[in-house]
Amino acid sequence: VGNDSLHCWNCNATFQVASRSDLKNGLWQKDISVFAQVFEIRDLKSVLENGIEIPNGIKAAVASSENILQTYNAGKYSIAEHLENAIDQNLRLILFDAGDVSLPIHIKGLSSSEGHTVDLYGEITLSLKEENLSSFLTRTLKTSDRISYEEISNILKENIRPTVAAFSSEVTISDLVSDAQGRVKLEKMVK
């Protein structure tokens, strides 16, 4: 199948031609705002026939539906065995930031115990562990071929908001500002 083909000549499957430009010569042309990106392997056979090169700070995973079949650290790899099974198993290549990622969090409109409106400014450090990788990547990339740092920050913000709101409503403004132990308690609650 040619690089410009929109459909497979044999099975008429539709190709994601736009994603080919993000993976040139087996190297991810990562946009600075993107945390992870999915590539349908069947669409990229010609791009990946010489293997894939994963730069430092990036990891790759080959996934089938909701299962991670294999992960790769930085380096150059032949993925010929996955290219052969790409169509039958609907294999996807997922490339993602492998380091600890600090994401800014700003939650507005919380209330203190006195009823004052307060905002939370903070930072969440995202570190993907091997045992959580499959669940995280397949859920966050279920409906899109990429996810940005901003989108992850918004997802995390919505998930921790109820805990942070409950905490702030139980303490006074002066406690929120001056009580370091209280902030440590909040940090442990949102982990």
# chains A, B, ... in the order shown; residues from 1 in each chain; ligands from 1
call {"tool": "residues_around", "arguments": {"residues": "Gln37 in chain A", "least_positions_apart": "2", "cutoff": "7 Å", "atoms": "only C-alpha atoms", "output": "PDB file with N, CA, C and O atoms, in the first residue's frame"}}
result
ATOM      1  N   PHE A  39      -0.754   5.399  17.077  1.00  0.00           N
ATOM      2  CA  PHE A  39      -0.628   5.185  15.638  1.00  0.00           C
ATOM      3  C   PHE A  39      -1.168   3.800  15.317  1.00  0.00           C
ATOM      4  O   PHE A  39      -0.815   2.832  15.991  1.00  0.00           O
ATOM      5  N   ILE A  94       1.760   3.047  20.633  1.00  0.00           N
ATOM      6  CA  ILE A  94       1.512   4.204  21.485  1.00  0.00           C
ATOM      7  C   ILE A  94       2.851   4.752  21.934  1.00  0.00           C
ATOM      8  O   ILE A  94       3.666   4.023  22.500  1.00  0.00           O
ATOM      9  N   LEU A  95       3.093   6.016  21.671  1.00  0.00           N
ATOM     10  CA  LEU A  95       4.307   6.687  22.109  1.00  0.00           C
ATOM     11  C   LEU A  95       3.921   7.707  23.165  1.00  0.00           C
ATOM     12  O   LEU A  95       2.926   8.412  23.014  1.00  0.00           O
ATOM     13  N   PHE A  96       4.708   7.774  24.256  1.00  0.00           N
ATOM     14  CA  PHE A  96       4.326   8.651  25.360  1.00  0.00           C
ATOM     15  C   PHE A  96       5.548   9.109  26.138  1.00  0.00           C
ATOM     16  O   PHE A  96       6.613   8.494  26.078  1.00  0.00           O
ATOM     17  N   ASP A 145      -6.604  10.079  19.045  1.00  0.00           N
ATOM     18  CA  ASP A 145      -5.300   9.503  18.722  1.00  0.00           C
ATOM     19  C   ASP A 145      -4.154  10.192  19.470  1.00  0.00           C
ATOM     20  O   ASP A 145      -3.013   9.787  19.338  1.00  0.00           O
ATOM     21  N   ARG A 146      -4.480  11.193  20.291  1.00  0.00           N
ATOM     22  CA  ARG A 146      -3.455  11.866  21.088  1.00  0.00           C
ATOM     23  C   ARG A 146      -4.090  12.528  22.294  1.00  0.00           C
ATOM     24  O   ARG A 146      -5.265  12.833  22.298  1.00  0.00           O
ATOM     25  N   ILE A 147      -3.248  12.762  23.316  1.00  0.00           N
ATOM     26  CA  ILE A 147      -3.702  13.490  24.499  1.00  0.00           C
ATOM     27  C   ILE A 147      -2.608  14.466  24.893  1.00  0.00           C
ATOM     28  O   ILE A 147      -1.420  14.125  24.882  1.00  0.00           O
TER      29      ILE A 147
END
call {"tool": "residues_around", "arguments": {"residues": "Ala165 in chain A", "least_positions_apart": "2", "cutoff": "10 Å", "atoms": "only C-alpha atoms", "output": "JSON, numbers by chain"}}
result
{"A": [107, 108, 109, 110, 111, 112, 118, 119, 120, 160, 161, 162, 163, 167, 168, 169, 170]}
call {"tool": "residues_around", "arguments": {"residues": "Glu53 in chain A", "least_positions_apart": "2", "cutoff": "8 Å", "atoms": "only C-alpha atoms", "output": "VMD selection string"}}
result
chain A and resid 26 to 28 51 55 74 to 77
call {"tool": "write_last_selection", "arguments": {"atoms": "N, CA and C atoms", "output": "tab-separated table (two decimals), in the first residue's frame"}}
result
chain	number	residue	atom	x	y	z
A	26	GLY	N	10.40	6.20	11.17
A	26	GLY	CA	10.37	5.48	12.44
A	26	GLY	C	10.67	6.33	13.66
A	27	LEU	N	10.66	7.66	13.51
A	27	LEU	CA	10.94	8.57	14.63
A	27	LEU	C	9.74	9.50	14.84
A	28	TRP	N	9.26	9.56	16.07
A	28	TRP	CA	8.09	10.37	16.42
A	28	TRP	C	8.44	11.84	16.32
A	51	GLY	N	12.00	-0.29	11.24
A	51	GLY	CA	12.02	-0.25	12.70
A	51	GLY	C	11.57	1.09	13.24
A	55	PRO	N	13.44	8.05	21.17
A	55	PRO	CA	14.43	8.93	21.80
A	55	PRO	C	14.38	8.85	23.33
A	74	ALA	N	13.93	3.75	25.41
A	74	ALA	CA	14.70	4.46	24.38
A	74	ALA	C	15.63	3.48	23.65
A	75	GLY	N	15.73	3.64	22.33
A	75	GLY	CA	16.58	2.79	21.51
A	75	GLY	C	15.97	2.58	20.14
A	76	LYS	N	16.61	1.75	19.33
A	76	LYS	CA	16.11	1.44	17.98
A	76	LYS	C	15.69	-0.02	17.98
A	77	TYR	N	14.49	-0.28	17.46
A	77	TYR	CA	13.92	-1.62	17.50
A	77	TYR	C	13.29	-1.99	16.16
call {"tool": "closest_residue", "arguments": {"among": "A:Leu156, A:Leu48, A:Leu103, A:Leu137", "to": "Asn67 in chain A", "atoms": "only C-alpha atoms"}}
result
A:Leu137
call {"tool": "select_by_dssp", "arguments": {"residues": "range 2-191 of chain A", "states": "strand (DSSP E or B)", "output": "PyMOL selection string"}}
result
chain A and resi 7+14+23-24+27-28+34-40+52-54+58-64+67-72+75-77+91-97+101-111+117-126+146-148
call {"tool": "closest_residue", "arguments": {"among": "A:Ser174, A:Thr71, A:Ser46, A:Gln89", "to": "Ile58 in chain A", "atoms": "only C-alpha atoms"}}
result
A:Thr71
call {"tool": "residues_around", "arguments": {"residues": "Leu69 in chain A", "least_positions_apart": "2", "cutoff": "12 Å", "atoms": "only C-alpha atoms", "output": "VMD selection string"}}
result
chain A and resid 60 to 67 71 to 72 79 81 to 82 85 89 to 94 133 to 134
call {"tool": "closest_residue", "arguments": {"among": "A:Asp31, A:Val47, A:His106, A:Leu126", "to": "Asn154 in chain A", "atoms": "only C-alpha atoms"}}
result
A:His106
call {"tool": "select_by_dssp", "arguments": {"residues": "chain A", "states": "alpha helix (DSSP H)", "output": "PyMOL selection string"}}
result
chain A and resi 17-20+45-48+80-89+130-140+149-168+173-178+180-190
call {"tool": "closest_residue", "arguments": {"among": "A:Asp179, A:Lys59, A:Val171, A:Glu49", "to": "Ser78 in chain A", "atoms": "only C-alpha atoms"}}
result
A:Glu49
call {"tool": "decode", "arguments": {"residues": "range 154-165 of chain A", "atoms": "C-alpha atoms", "output": "mmCIF file, in the first residue's frame"}}
result
data_model
loop_
_atom_site.group_PDB
_atom_site.id
_atom_site.type_symbol
_atom_site.label_atom_id
_atom_site.label_comp_id
_atom_site.auth_asym_id
_atom_site.auth_seq_id
_atom_site.Cartn_x
_atom_site.Cartn_y
_atom_site.Cartn_z
ATOM 1 C CA ASN A 154 -7.964 18.849 33.323
ATOM 2 C CA ILE A 155 -8.842 15.161 33.849
ATOM 3 C CA LEU A 156 -6.797 15.043 37.051
ATOM 4 C CA LYS A 157 -8.249 18.336 38.249
ATOM 5 C CA GLU A 158 -11.804 17.038 37.891
ATOM 6 C CA ASN A 159 -10.883 13.806 39.700
ATOM 7 C CA ILE A 160 -9.334 15.514 42.716
ATOM 8 C CA ARG A 161 -11.801 18.401 42.963
ATOM 9 C CA PRO A 162 -14.264 16.626 45.323
ATOM 10 C CA THR A 163 -11.475 15.673 47.747
ATOM 11 C CA VAL A 164 -9.947 19.160 47.699
ATOM 12 C CA ALA A 165 -13.398 20.786 48.113
#
